[in-house]
Structures are given as structure tokens and as C-alpha cells.
Amino acid sequence: MKYIALLTGLFFGLMVYAQQDCEINTINPDFEEPVIAQSGWPTFMDASQVPGWSTTAPDNQIEIWPNSNNGGGIAAYSGSQYIELNANYSSGVYQDFATPMAGIVFNYSFAHSARNLATSGFDVVGVYAGPPGGPLIELGQYSSEVWTGWQVYTGTYTVPAGQTVTRFEFRAVSTASFDNTVGNFLDAIEFTSNFGLASAPEISLSCEDNVATGIVSIGSGSWTIDPGNPSPTIIDDPISNTPTISGFILSGDYHYTWSNGFCEAELTVHYNNEQIPVLEELISTEVCDNENIIDLTQYNTLFSDELGVSFFYYQNQADADAGNNNFIPNPTSYIVNESQTLYVRLVKNHFCDTVLELELNLNTAPVAENPVSLGPECDEDGDGWVEFNLEDAIPLLVPSQPGNLNYTFYLNQSDAESGNNPQNPLVNIATGSTQTYWVVISDGVCRSFSTIILIANESVQNVTNQTELEPKMLCDEDFDEFITVDLTEWHDELILSDLGIQFSYFMSQTDAENETNPITNYLNYPVTDSPTIIWVVIKNEAGCREIRYVEYEIGEKIPVNASEFQLEPFCSNVLDLTQLETEISNETGIHFYYYTDINSAESGGNDFIINPAQFPVNSDGMVYVRLEKDGFCPEIVLLIYQQGEEVPHQPEPYGLSGMCEDQTLDLSEIIIQITSDSSVVVNYFETENDAVLNQNPIVNYTAYNPASNSGTLYVRLELTDFCPVVLPFSFERSLMPVNPFDSLPTLCPGNELLLDAGGEYPDENYEWNWEGGSTTGSELNIDQPGTYHLTITTEEGCSETFTLEISQPEPPVILNIQIGDTYIIVETSGNSTALEFSLDGVFWQTSPRFDNLIPGEEYTVFVRESGCDPVSKTFSILFISNFISPNGDGKNDTWIIRGLNNSAECSVKIFDRYGKIFVDSGFQISDNFNWDGKYKGETVPSGDYWYIITTRDEDMVEMKYIGHISVRNR
């Protein structure tokens, strides 16, 4: 429905309302009309030119803004335009709406923003409602903070009895600029209401549901029935606000109108009573328990071939009749666990739903074993094929009732399920292969599936290795003078495949041929003779066999010169185990492997010593050497090693201390703690590794200056007939005092300065000296700049002197203030890196520039150096208006200059484009200046005029301001 009801500028007398649409909406809600120039500045329009809106301002002006970043403006919330609440006067902006009935509820919403002129604060707007003649009541006050953008507010208002016209008005409560004509932006204002229907305008009914209820109308009125409706219907009470409509017979759209004396609202009822065509009302089908997951949708076209029908399957008739959500969720995979009746509901738009029945009868399928096997069978005639009769598997498939069923054989599952390509039960299978056939077992209603696995074995000759095998050489691997073997080690050499192969072992060919007296301890068979021959019977599962023999020979050990060897005593922690290899054996081509335990040496594992030429040792011990050579059995000998005696020395620890960090160390002082033997050769090292390798000794050990004040060094002792020894010793130097002053403090003129050294040590450990005086203690109070010397002595006796140059800065001088349109730059003397600037003496900054200042306001700038007392100067940024309309209407009648009061003197000149001077004040102005637009008592003509404003400060420094004024006399 389309609804508009708006009254603007009504004559409030006797009013007669014509029937109209029932919805009220706002005209020009986002102020997109009239379209103004996108100049970045507002346009002042007479309210008569702004559709829908009026103002209480005496000049009837409405201030419309475009998208803008100028003068505190912002981008529109909706569209590209918005208003500022007051143009030139503190006033209201409003719209009037016809409200002929009491109780009408208005919903309102609007976007509100503060104007971004002040650095902080809020703009506050009030919303008011009531009759145009008053009084208007306040619906609420809404605030927005500057620099936070648009805020959206909403509310409701109920029209009281007798208020036939309602006014909604916006008024400025306050602004962050403290001027109610500057601030409070508004956009996207919506006031909406309805006084026709409170319920939905459309109702849908179908089939048995043929009574329309839930209808709610507004006001006193009556219902009328459209005579063009498909069939007659009955309204139980034509003047009721909650009527019931019944009697629907034919399908179609039914129309009704509610008239309440103020508007007309239309209600539409959509009714549908057409039946879906049905092919079958009941379908009965058979289901087998082994194929009980069925697709119910396969029956859809059996029930109805009507296009556009949706089918819903239910497990009980009550749910199907109700058409609720308890339908079967996945009808394409429905599980049937028992015989049952399902109910299907057919649904189609503009047709009545229909419920039909589906009978599912569950049957038991034959139970078959799966899988079953025939074979393995051998290729007796050696032609590469084995024949099978698939019917031989029937007693295995269904042992309980094989004769009462039908059996059909197939090559694969797909054929079995589809019944395609049945096979003859007599089949030939290639030897050495396995093949699976599918069989379908049927009782006439249900069927079962099973598989038959056919196994055809090759003859043994097809899987044995016919190559003559070489004898295996044996060694006494565990060196216990006893050799045993695992006869199964020949399997991989005797056969090519071990599928179904069995082995048995015999000591003679006769026993092998007769398969008598088999060797039972074949996993641990003792070999005492060389050679030893074993006979092997190789047989497959079908009973085919082949007889082969294998042979063992016992090998010769590597000759050695002794079983045990002694190495020379060692001094280092690295020992060369290979030094005696030529003495162990005279054989060539030998591989030597060194082990730390006998078991690893005997087993010949991979845990041998990787680098025997650099074997780490720290005590007496032994290693085992395993000798290996191709064609020989391995041998093991023992190596024994002993550690030499270290140079005699005193037990640890050792250390040097008692020095300050500015002193060097005499490392030789440590020797008296270690040894008194003067024949000992001594060297000093920074690292243990250098000391062990006897490299990079410390050369200047009597005046050694370490990189740190504490740590560990190493001394190496050497003496004939003794092993060298490396010993650690510690050293520690006491820390020097630290300068307690990270930065030099500043002595401000006329002030005292406390120099505090921190008090880490007693007062007598601090000594102050300066020209003309000295004292002790951690603190010194001074009032004169100069050079001060502080000597600090630590508890360990380490002293350091620090020099403090204390300066006193000169007060800064404000030389000039550069003034811009909304900023200033302060020019000063003094140390620019130590200067700070402030506009309030509380918050300070290092930059001499201040932005976002308000023209016409008075400011004081403060400057200080190094935190000392500041100097200050007061200034103003001129506020100069650029428009005057001296027509006596009270608006813009004078041209105003504010902010001159901080100049020592100033002058103003005004002239036209031809150079004619209309105002020349001379340097007589010391406060704000006003011009009434007159020259010699007469108002000057409309047009553009130019001005030159000259200001002088107390030092007679001049500044000029040049611009133009627009004068409009109408």
C-alpha cells in the first residue's frame, strides 16, 4: 500500500478530512531538496524553498550544508546534504502532520552530529511534539561529542485525543561553541505512522483452512466486500476491528476494504482449493531384509505424475495429515526393519495437499556362507590349467537347504547384481592363480550374494630355483668351539615363491625319498664335519614335491701372533688403538674392528669404535679387536692400556683476588697455591682447550688485563716422566665506582640545585671539590654554576673522580608571533632544543606551532627553557567577517573585527575597486571595530569592497590584513 499524509503551513480552523491512504511519512527527510552547490560551505535558504520543512526563525532561513571539511563541517549521513539547526537565530525546525485520530503512534529516528569547531564538548538537540499552537512537550534531549561524527537516535510518540494536527520540532539546547546558532547538524529525519490496518495486509488460506482470522483494524469504521471476488464470503461483524471472514469456496484472491472516515486500507485473502491428480492411492511392495535400505522416492511417479509436486513420507498418519516437520528426513536411504505402512503427503502450490499409503512387506533372504573356497588343487598333468566345478561349492554355501534354492554363477559383483552374463559351472583356472566367482542364491522372492574362491597351485618345479647352490662356509661366530646352523636359511635360495610350500630335512638321500627320520632340530642343527650334506624335501599344499641337497664347509681362522697385547702408558685423554696392528698379525688384507665389550666383538655388530686412532680415555681399561678377512673366519685379541701419572700438585681450588678493575693481573702469583717445585714448566691459557693442546699461551702473564672482571683461566704444568696436567683457577677484580649522574642537571636563575650522588656508600666515601671549597657526603646543595669534582671510593678501596659542568641558562625572549588564520608560530631566542611551549602553563610541547585556534579569541603563550620559569605574551587571531547587509533588518547590519584588543594600536581602511576610501580610522583603534556600512551618513551601494587592517604591537612591529567585504543592501 502507498501511504502519505502530511500537512505543512495549515490553516488551523474547521477541518474536513477526505478519505486518503493510511500511512504517514516524512517529506524531504535527508534535505536533498533543493540541490545546493557543493562548495564546501553552507547555503542559507528561505524555508519556502525547502520542501516539507519550516522554521520558527524570524528571517525564515534554513542553513543547508553540502559534504564539507570546512568550518567544522562533515560528510552527510544520508545523500550529500544536511542542515545546521539554526541559521542566524536560535530557533526551531519542524514539520506538521495530520493526526485525525487519538492514539496514533509515531516512530521517529534522526542522525545528529556536533559541529567540529571546538577541541572538546557536546552539541545537544531537543525533540518536541504537540499541536502547532502549542504547548509542545519535550520528547528527549540527545547529545553528540565533537569529532565523533554522526549518532542515530530513535523514539516514539502517541498522539493524544483531540490533537488533529501534530507538530514535531527540533531545537538547539546547547553547543560546544557556546553559540546556539553554531552547531547541531541534522540528517535522515523520519516520522512514520499508520492509522488503517494494524495486522498484515495479506492472508493466505488453502483447502480445509478456509476461515480468515487475526485481522486487526484501527479506528471506528466498517468493512466492505469487493463484488468481483471469486465467490461470496461472510464477515461476521462488518464494523468490528477484529472480524472473522469465512465461506471461501473457489480458489482465487479475495479483496476487502476498511474505511474509518479518515482513510481506506485494503485486505487481500489468497485462497486455494484445487486437488492434486493421483495415479494410485495405495502401493504395496516387497522388501528383503538383506537389502532393506530403499529409496522411497522411486514411488513418487507411481503415486502422481503431476509436475511441481513435492512428496513427504511419514511413519504415522497423524503426522502426515498434520503436514508437520516429522517427515522422514532422508527418504532416499530409508531402513526397513519390519513390515509397515508409510504415509506420503503430496504438496503443490495452489493445490490442496493429499495423503496416500505405501505398504512395505519385509521378507527374509536366504542365509549363505561368504566366502567359500575350492582347492587348493594341483596341476596334475602339468598343462598349466586346473579344472573346477562351481556346483561343488553348493554344500558349502547353504548347508541347511541347498536343494530348495536356485544358484547362478557370475564373473564379478556387477554382473551378479544386474543378472547379466551368467557362467557355466565348469571353469578352468591357470595354475598358480586364485580367482573369485560370484553366486546369486534365490528363493524366488529374495536373493543373497556370496563368493567362491578358486585356488590352483603350480607344480613345485615352477616355484623352485633349479640353479645348483654353492656350499656355505661356517665359522665359530660366538667363539665357543661349537657351530650350529638354522637349516631354514636355505629357503630363499631353494624356491622362488613360498606360497603354501613346506620343507623337511634329512641326513641321507634314502631318508629324504622315503620321508623317514626327518631332522627335528633343523633350527639349531650342529655341524661338526666339513663338508656336511643335508637333503631337503620341498612340498606344496597339493602334495607335489622335489628333493634337493645343500652343503656346509667349516672355514679357517685368521692367524694371530698372540691373544693379548699391552699398550704403552698414556698421558693424554686420546689414545691411538691402531698402533699395534702390524704386531697382532702378519697377514695382509685384514680389517680391524675395535669394541669396548667382548659380546659386541664376538657378534661383529655395528657398535664398533668409529675412530680407533683417537679413542677418548680417562682411566685404565681394555678393548677387544676383531680381525676379519675374506675367505677366513674372524679372530679376536685383547688390548690393555694404562694411564700415566700427572705432575704432582696441590688440590683445587685456586684463585686470585683483591685487585680493582683498572689494575692488571700477575698470573704467576697463582703458582705458590699449586706447587713449590721450581723445575715444573708453567704456562697460562685463556681456554681449557688451548691448555690441553698447549697452544696460544698468555704471553704477558705478569701484566694480564682480562676482558672481564671475573672468570676462569687455566695453568698447564709439565715435568719429565710425568703426564702434563691442566688446572683451572679463578680471578676477580672489584668494580670501580659508577658515575651517579646520567645527565647534567640545570641550575635555573635564582634557584638552588641539589646534587645527589645516591648514597650507595657511607658519607665519608664521597668527596666534593670546587673552586674555593670542598666537603664530604653523598649530597651537595649549590646556587652557582661552575665545575664540581666528585671522588667516590668503594668499600673495596677502588676510587674514581667525576667532573660535573653545571650551567645556568639565560631566560628565553619571545621575539615575534607569526599569526595565521587558525594557527600561530612563536619565534624566540635561546637554546631551541631545550625550549618548551604552552598555551595554559600546564601542558607543554617542544613545537613552537599551535593549530586549531579560534579567531577572535584571546590567548597567552608561555615559553620556558630546561624547565625553568617561563616568559609569556598575550595575543589574538583576528576574526573578520566578509559580509554585511546594512538594511536595518537586524541581521548582518554591521561589519565586525574582533581580536584587536591585544594590539598596541591599529588602523582600518575600506575602499572600493576604484580606490575610493570610505573608512580611514588612522591608528586610533585599540579594541574591536564595527562599521555600519555607511559613508558620510549614507549607506554605501551594494558591491564588493576591500579593506587593509594594520596592527602594531608594543614594539611597533606592524602586521597587515588585506581582504574584501560583500555589501548587500536589499
# chains A, B, ... in the order shown; residues from 1 in each chain; ligands from 1
>>> residues_around(residues="Asp893 (chain A)", least_positions_apart="3", cutoff="8 Å", atoms="only C-alpha atoms", output="ChimeraX atom specification")
/A:884-890,932-933
>>> write_last_selection(atoms="C-alpha atoms", output="CSV table (one decimal), in the first residue's frame")
chain,number,residue,atom,x,y,z
A,884,ILE,CA,27.4,43.0,5.6
A,885,SER,CA,23.7,43.8,4.7
A,886,PRO,CA,23.1,47.3,6.3
A,887,ASN,CA,19.4,47.3,5.5
A,888,GLY,CA,18.2,47.7,9.1
A,889,ASP,CA,16.6,44.2,9.4
A,890,GLY,CA,18.8,43.3,12.4
A,932,ASP,CA,27.7,50.1,9.9
A,933,GLY,CA,28.1,50.2,6.1
>>> select_by_dssp(residues="region 206-370 of chain A", states="alpha helix (DSSP H)", output="VMD selection string")
chain A and resid 300 to 303 317 to 322
>>> closest_residue(among="A:Tyr407, A:Tyr654, A:Phe195, A:Phe479", to="Thr451 (chain A)", atoms="only C-alpha atoms")
A:Tyr407
>>> residues_around(residues="Ala76 (chain A)", least_positions_apart="5", cutoff="6 Å", atoms="only C-alpha atoms", output="count of residues only")
3
>>> residues_around(residues="region 158-164 of chain A", least_positions_apart="2", cutoff="8 Å", atoms="only C-alpha atoms", output="list in words")
Ala98, Thr99, Pro100, Met101, Ala102, Gly103, Ile104, Val105, Phe106, Gly130, Pro131, Thr156 and Thr166 of chain A
>>> residues_around(residues="Tyr254 (chain A)", least_positions_apart="6", cutoff="10 Å", atoms="only C-alpha atoms", output="list in words")
Glu202, Ile203, Ile225, Asp226, Pro227, Gly228, Asn229, Pro230, Ser231, Pro232, Thr233, Phe248, Leu267, Thr268, Val269, His270 and Tyr271 of chain A
>>> atom_distance(atom1="CA of Asn969 (chain A)", atom2="CA of Phe883 (chain A)")
10.9 Å
>>> residues_around(residues="Ile547 (chain A)", least_positions_apart="5", cutoff="12 Å", atoms="only C-alpha atoms", output="PyMOL selection string")
chain A and resi 460-461+464-466+494-495+502-506+508-515+534-539
>>> write_last_selection(atoms="C-alpha atoms", output="PDB file, in the first residue's frame")
ATOM      1  CA  VAL A 460      56.735 -77.494  -7.161  1.00  0.00           C
ATOM      2  CA  GLN A 461      59.155 -77.266 -10.102  1.00  0.00           C
ATOM      3  CA  THR A 464      61.928 -73.903  -7.003  1.00  0.00           C
ATOM      4  CA  ASN A 465      65.288 -72.498  -8.014  1.00  0.00           C
ATOM      5  CA  GLN A 466      66.852 -75.034 -10.395  1.00  0.00           C
ATOM      6  CA  LEU A 494      65.748 -73.027  -2.913  1.00  0.00           C
ATOM      7  CA  ILE A 495      62.446 -71.519  -4.018  1.00  0.00           C
ATOM      8  CA  GLN A 502      56.600 -76.935   3.239  1.00  0.00           C
ATOM      9  CA  PHE A 503      60.187 -78.062   3.932  1.00  0.00           C
ATOM     10  CA  SER A 504      61.579 -81.184   5.691  1.00  0.00           C
ATOM     11  CA  TYR A 505      65.232 -82.086   6.220  1.00  0.00           C
ATOM     12  CA  PHE A 506      67.095 -85.418   6.206  1.00  0.00           C
ATOM     13  CA  SER A 508      70.570 -89.096   3.788  1.00  0.00           C
ATOM     14  CA  GLN A 509      69.019 -89.238   0.308  1.00  0.00           C
ATOM     15  CA  THR A 510      67.212 -92.519   1.154  1.00  0.00           C
ATOM     16  CA  ASP A 511      65.538 -90.961   4.198  1.00  0.00           C
ATOM     17  CA  ALA A 512      64.532 -87.973   2.032  1.00  0.00           C
ATOM     18  CA  GLU A 513      62.984 -90.122  -0.699  1.00  0.00           C
ATOM     19  CA  ASN A 514      61.067 -92.198   1.875  1.00  0.00           C
ATOM     20  CA  GLU A 515      60.397 -89.168   4.094  1.00  0.00           C
ATOM     21  CA  ILE A 534      71.713 -82.098   4.141  1.00  0.00           C
ATOM     22  CA  TRP A 535      68.837 -83.424   1.953  1.00  0.00           C
ATOM     23  CA  VAL A 536      65.715 -81.216   1.635  1.00  0.00           C
ATOM     24  CA  VAL A 537      62.149 -82.254   0.609  1.00  0.00           C
ATOM     25  CA  ILE A 538      60.159 -79.311  -0.865  1.00  0.00           C
ATOM     26  CA  LYS A 539      56.386 -79.884  -0.992  1.00  0.00           C
TER      27      LYS A 539
END
>>> atom_distance(atom1="CA of His964 (chain A)", atom2="CA of Lys891 (chain A)")
19.2 Å
>>> decode(residues="region 953-964 of chain A", atoms="all heavy atoms", output="tab-separated table (two decimals), in the first residue's frame")
chain	number	residue	atom	x	y	z
A	953	ASP	N	52.35	46.12	17.52
A	953	ASP	CA	52.47	45.68	18.91
A	953	ASP	C	53.20	46.74	19.71
A	953	ASP	O	53.48	47.85	19.20
A	953	ASP	CB	53.16	44.31	18.98
A	953	ASP	CG	54.57	44.33	18.43
A	953	ASP	OD1	55.10	45.44	18.20
A	953	ASP	OD2	55.14	43.24	18.22
A	954	GLU	N	53.56	46.39	20.96
A	954	GLU	CA	54.18	47.38	21.83
A	954	GLU	C	55.57	47.80	21.32
A	954	GLU	O	56.09	48.85	21.70
A	954	GLU	CB	54.28	46.85	23.26
A	954	GLU	CG	55.13	45.57	23.39
A	954	GLU	CD	54.28	44.34	23.21
A	954	GLU	OE1	53.12	44.48	22.75
A	954	GLU	OE2	54.75	43.25	23.56
A	955	ASP	N	56.16	46.97	20.43
A	955	ASP	CA	57.46	47.31	19.85
A	955	ASP	C	57.29	47.98	18.49
A	955	ASP	O	58.25	48.10	17.71
A	955	ASP	CB	58.33	46.06	19.71
A	955	ASP	CG	58.63	45.44	21.06
A	955	ASP	OD1	58.86	46.19	22.02
A	955	ASP	OD2	58.63	44.18	21.15
A	956	MET	N	56.05	48.35	18.13
A	956	MET	CA	55.72	49.00	16.87
A	956	MET	C	55.99	48.11	15.64
A	956	MET	O	56.25	48.59	14.54
A	956	MET	CB	56.48	50.33	16.72
A	956	MET	CG	56.06	51.39	17.72
A	956	MET	SD	54.31	51.93	17.49
A	956	MET	CE	53.54	51.09	18.90
A	957	VAL	N	55.96	46.78	15.86
A	957	VAL	CA	56.08	45.85	14.73
A	957	VAL	C	54.70	45.74	14.08
A	957	VAL	O	53.70	45.47	14.76
A	957	VAL	CB	56.58	44.47	15.20
A	957	VAL	CG1	56.61	43.51	14.01
A	957	VAL	CG2	57.97	44.61	15.81
A	958	GLU	N	54.64	45.99	12.73
A	958	GLU	CA	53.36	46.03	12.04
A	958	GLU	C	53.00	44.69	11.40
A	958	GLU	O	53.89	43.95	10.97
A	958	GLU	CB	53.38	47.12	10.94
A	958	GLU	CG	53.40	48.53	11.46
A	958	GLU	CD	53.21	49.53	10.34
A	958	GLU	OE1	53.16	49.11	9.16
A	958	GLU	OE2	53.09	50.73	10.64
A	959	MET	N	51.67	44.41	11.34
A	959	MET	CA	51.13	43.30	10.57
A	959	MET	C	49.94	43.83	9.77
A	959	MET	O	49.15	44.63	10.29
A	959	MET	CB	50.67	42.13	11.47
A	959	MET	CG	51.81	41.38	12.10
A	959	MET	SD	51.21	39.88	12.91
A	959	MET	CE	50.63	38.99	11.47
A	960	LYS	N	49.82	43.42	8.50
A	960	LYS	CA	48.73	43.88	7.65
A	960	LYS	C	47.82	42.70	7.30
A	960	LYS	O	48.28	41.59	7.05
A	960	LYS	CB	49.27	44.51	6.37
A	960	LYS	CG	50.01	45.83	6.58
A	960	LYS	CD	50.44	46.43	5.25
A	960	LYS	CE	51.20	47.73	5.44
A	960	LYS	NZ	50.34	48.78	6.03
A	961	TYR	N	46.50	42.98	7.24
A	961	TYR	CA	45.48	42.00	6.86
A	961	TYR	C	44.69	42.62	5.71
A	961	TYR	O	44.10	43.70	5.86
A	961	TYR	CB	44.54	41.69	8.03
A	961	TYR	CG	45.24	41.15	9.25
A	961	TYR	CD1	45.80	42.01	10.19
A	961	TYR	CD2	45.34	39.77	9.46
A	961	TYR	CE1	46.45	41.53	11.30
A	961	TYR	CE2	45.98	39.28	10.59
A	961	TYR	CZ	46.54	40.15	11.50
A	961	TYR	OH	47.15	39.64	12.60
A	962	ILE	N	44.68	41.98	4.56
A	962	ILE	CA	44.03	42.52	3.36
A	962	ILE	C	42.97	41.54	2.92
A	962	ILE	O	43.22	40.31	2.84
A	962	ILE	CB	45.05	42.76	2.23
A	962	ILE	CG1	46.12	43.75	2.70
A	962	ILE	CG2	44.35	43.25	0.97
A	962	ILE	CD1	47.25	43.94	1.70
A	963	GLY	N	41.75	42.04	2.60
A	963	GLY	CA	40.68	41.17	2.14
A	963	GLY	C	39.54	41.99	1.57
A	963	GLY	O	39.66	43.21	1.38
A	964	HIS	N	38.41	41.31	1.30
A	964	HIS	CA	37.29	42.05	0.73
A	964	HIS	C	36.02	41.76	1.52
A	964	HIS	O	35.90	40.77	2.22
A	964	HIS	CB	37.09	41.68	-0.75
A	964	HIS	CG	36.45	40.35	-0.95
A	964	HIS	ND1	37.16	39.18	-0.88
A	964	HIS	CD2	35.15	40.03	-1.20
A	964	HIS	CE1	36.34	38.17	-1.09
A	964	HIS	NE2	35.13	38.63	-1.28
